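Worksheet: one structure, shown below.
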Amino acid sequence: TQSPMVTSGMRIGTPAITTRGLVEKDVIKVVELIDEALQKPDDVKHLKSVKKKVNRMMQKFPLYK
């Protein structure tokens with residue numbers, strides 16, 4: 001029998017990122033923020049801190065102008 005395929009990792013939709021105007025250096029920061037959040041996924045205070053950083057960054061890249 002064939003063993004089931006197991007995958008791991010995350011896939012981020014780059015169209016959503018580039019539509020907002022992010023470039024390569026910004027995507028690196030997005031990855032860093034994701035990593036930072038995943039370091040302490042059960043620490044609410046830590047996650048709130050990461051959320052503030054994400055919101056601050058995304059203010060530079062509004063959904064609508």
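Numbering starts fresh at 1 for the residues of each chain in the structure tokens, the chains themselves are lettered A, B, ... in the order given, and ligands are numbered from 1 as they appear.
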
* To do: Tell me, as number ranges by chain, which residues lie within 12 Å of Leu22 in chain A, counting only C-alpha atoms; anything in the same chain fewer than 4 positions away does not count.
  => A: 14-18, 26-30, 57-63

* Can you tell me how far CA of Ala37 in chain A sits from CA of Lys65 in chain A, in Å to one decimal? ->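 Distance between the two atoms: 28.4 Å.
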
* **Sel. of alpha helix (DSSP H) residues, chain A, as a VMD selection string** => chain A and resid 14 to 19 24 to 39 44 to 58

* Expressed in Å to a single decimal, how great is the separation between CA of Val23 in chain A and CA of Arg56 in chain A? ->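 Answer for the CA of Val23 in chain A to CA of Arg56 in chain A separation: 16.5 Å.
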
* **Atomic separation - CA of Glu32 in chain A relative to CA of Lys52 in chain A, Å** =>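 Here the two named atoms are 14.0 Å from each other.
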
Selection near Ser49 in chain A, 10 Å with only C-alpha atoms, sequence-local residues under 4 positions removed, as a compact mmCIF listing (two decimals) with N, CA and C atoms, in the first residue's frame:
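Printed below is around18.txt as written:
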```txt
# COMPACT_ATOMS: atom_id res chain seq x y z
N GLU A 36 7.92 35.16 14.39
CA GLU A 36 7.84 35.71 15.74
C GLU A 36 6.56 35.25 16.44
N ALA A 37 5.46 35.26 15.73
CA ALA A 37 4.18 34.82 16.32
C ALA A 37 4.22 33.33 16.64
N VAL A 44 -0.55 35.19 24.89
CA VAL A 44 -1.45 36.23 24.39
C VAL A 44 -0.77 37.59 24.34
N LYS A 45 -0.02 37.93 25.36
CA LYS A 45 0.67 39.22 25.41
C LYS A 45 1.67 39.33 24.24
N LYS A 53 2.68 45.20 15.63
CA LYS A 53 3.72 45.38 14.61
C LYS A 53 3.14 45.18 13.21
N VAL A 54 2.29 44.16 13.07
CA VAL A 54 1.67 43.88 11.77
C VAL A 54 0.77 45.06 11.37
```
